[in-house]
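Trainee: Before we start, here is the structure in question, set down as structure tokens.
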Amino acid sequence: MDSLQLLGWSAVVLFALGLLGVIIRRNVLVMLMCMELMLNAVNLSLVVFAQRGDPAAASVLVFLVFVVAAAEIAIAIPIVLLLVRHKRSLDLGSYSDLRG
Amino acid sequence: MIDLFLLYAFLASALAGAVLMLVLRHPMRVALALVATMLSLAGVYAMLGAHAIAVFQILIYVGAVMVFMVYVIMLLDVRDDSLVHRYNWMLVPGVAAFALLVAGLGAGVWGGLAPFVAGKAYGVKAFATAFLNEYWLHFELVSVLLVAAVVAAIAVLEVGRRPRG
């Protein structure tokens with residue numbers, strides 16, 4: 001068994017698990033955390049691919065993903081706060097009247 | 001030998017934490033499972049020689065993002081239906097899509113990657129030199145992105161306030 005193959009496959013599984021969590025979970029905060037898991041999986045794949053390529057470029061890309069994750073959380077949390085203030089619920093099913 | 005064992009142990013721990021995130025009920029436990037996953041991934045990065053990224057993973061993700069997340073979970077102590085019923089009606093199609101994605105993408109990744117060659121250790125010094133010499137434009141663009149995020153967060157909170165008269 002090859003550890004680079006295993007690492008790349010683990011990145012795929014982590015990304016798919018995060019996507020599954022976004023799709024099936026009902027709690028808004030859990031969905032946000034699953035998005036963070038997807039970003040982490042992308043970081044893992046970047047680090048794994050950097051083992052065969054340019055580590056400097058990969059490190060800079062990973063750092064940019066860190067910043068994007070921080071910005072995403074900084075914007076998503078106020079939106080969740082607004083939603084909860086509106087409905088007093090973290091359940092996404094209770095926001096179905098928001099559809100256009 | 002011990003390196004390889006630690007790598008696999010950290011990897012297994014990360015995958016187990018990710019599975020726990022989908023199974024656990026309360027958001028606080030999910031957050032702790034995510035913290036465990038991130039710490040294990042930092043261990044994986046360190047075993048792969050990406051020391052700078054391992055440090056940033058702990059400082060930024062576990063130190064900043066997840067503390068913010070835990071703070072919000074404690075702030076919004078809402079008891080509703082999502083604590084009792086974890087999953088919505090998408091459970092079965094979602095799991096089927098998960099299996100398809102892992103089978104398709106995983107097979108491609110498994111077949112497409114060449115055998116493992118351990119990279120050289122890549123520390124903070126090399127990262128900083130490359131970042132500020134070659135990628136300074138990206139550095140500045142990231143600062144613009146962060147300022148935009150702060151402005152957007154303040155604007156979102158302003159929407160929720162009553163108009164001042």
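Each chain in the structure tokens gets a letter, A, B, ..., in the order shown, and its residues are numbered from 1; ligands are numbered from 1 in order too.
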Write out as number ranges by chain which residues come within 10 Å of range 8-24 of chain B when counting only C-alpha atoms, dropping same-chain ones fewer than 6 positions away.

Mentor: A: 3, 6-7, 10-11, 13-15, 17-18, 20-22, 24-25, 30-31, 33-34, 37; B: 2, 30-45, 47, 83, 86-87

Trainee: Identify all chain A residues at most 7 Å from chain B by counting only C-alpha atoms; ligands do not count. Present them as a compact mmCIF listing (two decimals) with N, CA and C atoms, in the first residue's frame.

Mentor:
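Result written to out.txt:
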```
# COMPACT_ATOMS: atom_id res chain seq x y z
N ASP A 2 0.45 2.20 -0.76
CA ASP A 2 1.21 3.44 -0.91
C ASP A 2 0.66 4.52 0.01
N SER A 3 1.53 5.18 0.75
CA SER A 3 0.96 6.15 1.68
C SER A 3 0.50 7.41 0.98
N LEU A 4 1.12 7.78 -0.17
CA LEU A 4 0.64 8.98 -0.85
C LEU A 4 -0.74 8.75 -1.44
N GLN A 5 -0.94 7.54 -2.00
CA GLN A 5 -2.28 7.20 -2.50
C GLN A 5 -3.30 7.21 -1.37
N GLY A 8 -4.12 10.80 -0.42
CA GLY A 8 -5.01 11.45 -1.38
C GLY A 8 -6.43 10.91 -1.28
N TRP A 9 -6.54 9.59 -1.09
CA TRP A 9 -7.86 8.98 -0.93
C TRP A 9 -8.53 9.49 0.35
N VAL A 12 -10.08 12.77 -0.27
CA VAL A 12 -11.36 12.61 -0.97
C VAL A 12 -12.46 12.22 0.01
N VAL A 13 -12.14 11.26 0.91
CA VAL A 13 -13.17 10.80 1.85
C VAL A 13 -13.57 11.92 2.81
N LEU A 14 -12.58 12.70 3.27
CA LEU A 14 -12.90 13.80 4.18
C LEU A 14 -13.80 14.82 3.48
N ALA A 16 -15.83 14.26 0.95
CA ALA A 16 -17.15 13.68 0.74
C ALA A 16 -17.94 13.65 2.05
N LEU A 17 -17.26 13.37 3.17
CA LEU A 17 -17.95 13.36 4.46
C LEU A 17 -18.46 14.76 4.79
N LEU A 20 -21.44 15.38 2.63
CA LEU A 20 -22.58 14.61 3.15
C LEU A 20 -23.19 15.30 4.36
N GLY A 21 -22.32 15.83 5.23
CA GLY A 21 -22.83 16.53 6.40
C GLY A 21 -23.62 17.77 6.03
N ILE A 23 -25.28 18.14 3.38
CA ILE A 23 -26.54 17.75 2.75
C ILE A 23 -27.53 17.20 3.77
N ILE A 24 -27.07 16.33 4.69
CA ILE A 24 -28.06 15.59 5.48
C ILE A 24 -28.34 16.20 6.85
N ARG A 25 -27.44 16.99 7.42
CA ARG A 25 -27.70 17.47 8.78
C ARG A 25 -28.70 18.62 8.76
N ARG A 26 -29.45 18.78 9.85
CA ARG A 26 -30.49 19.81 9.90
C ARG A 26 -30.03 21.05 10.63
N ASN A 27 -29.02 20.93 11.48
CA ASN A 27 -28.61 22.07 12.30
C ASN A 27 -27.70 23.00 11.49
N LEU A 29 -25.50 25.28 12.44
CA LEU A 29 -24.11 25.36 12.91
C LEU A 29 -23.32 24.12 12.52
N VAL A 30 -23.99 22.95 12.57
CA VAL A 30 -23.31 21.72 12.15
C VAL A 30 -22.97 21.78 10.67
N GLN A 51 3.94 17.17 -2.08
CA GLN A 51 5.05 16.24 -1.89
C GLN A 51 5.72 15.91 -3.22
N ALA A 56 6.44 25.50 -1.98
CA ALA A 56 6.17 26.91 -1.68
C ALA A 56 4.80 27.32 -2.19
N SER A 59 2.10 25.77 -0.05
CA SER A 59 1.94 26.41 1.26
C SER A 59 1.19 27.72 1.14
N VAL A 60 1.50 28.50 0.10
CA VAL A 60 0.80 29.77 -0.07
C VAL A 60 -0.68 29.52 -0.35
N ALA A 70 -11.46 31.74 7.41
CA ALA A 70 -11.71 32.72 8.47
C ALA A 70 -12.74 33.74 8.00
N ALA A 71 -12.60 34.20 6.74
CA ALA A 71 -13.55 35.19 6.23
C ALA A 71 -14.94 34.59 6.12
N ALA A 74 -16.46 34.48 9.48
CA ALA A 74 -16.77 35.83 9.96
C ALA A 74 -18.05 36.36 9.32
N ILE A 75 -18.38 35.93 8.11
CA ILE A 75 -19.62 36.39 7.48
C ILE A 75 -20.77 35.46 7.79
N PRO A 78 -22.59 35.99 11.57
CA PRO A 78 -23.62 37.03 11.69
C PRO A 78 -24.91 36.67 10.97
N ILE A 79 -24.80 35.98 9.82
CA ILE A 79 -26.03 35.58 9.11
C ILE A 79 -26.83 34.60 9.96
N LEU A 82 -28.55 36.43 12.73
CA LEU A 82 -29.77 37.10 12.25
C LEU A 82 -30.91 36.11 12.09
N ARG A 88 -35.80 32.00 16.24
CA ARG A 88 -35.46 31.26 17.46
C ARG A 88 -35.30 29.77 17.17
N SER A 89 -34.66 29.43 16.07
CA SER A 89 -34.47 28.02 15.75
C SER A 89 -33.21 27.86 14.92
N LEU A 90 -32.50 26.76 15.16
CA LEU A 90 -31.33 26.43 14.34
C LEU A 90 -31.66 25.39 13.29
N ASP A 91 -32.91 24.98 13.23
CA ASP A 91 -33.31 23.93 12.31
C ASP A 91 -33.56 24.53 10.92
```

Trainee: CA of Val48 in chain A and CA of Leu61 in chain A are how many Å apart?

Mentor: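 Straight-line distance from CA of Val48 in chain A to CA of Leu61 in chain A works out to 12.6 Å.
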
Trainee: Interatomic distance between CA of Leu6 in chain B and CA of Pro55 in chain A?

Mentor: 21.6 Å

Trainee: Figure out the distance between CA of Val65 in chain A and CA of Leu132 in chain B, please, to one decimal in Å.

Mentor: 17.1 Å

Trainee: Where does DSSP see alpha helix (DSSP H) in chain B, if you list the residues as an NGL selection string?

Mentor: :B and (2-23 or 27-47 or 51-56 or 66-75 or 91-112 or 124-133 or 136-160)

Trainee: Between A:Ala50, A:Val84, A:Leu39, A:Leu44, single out the one closest to Val67 in chain A, counting only C-alpha atoms.

Mentor: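 Of the candidates, the smallest distance to Val67 in chain A is held by A:Leu39.
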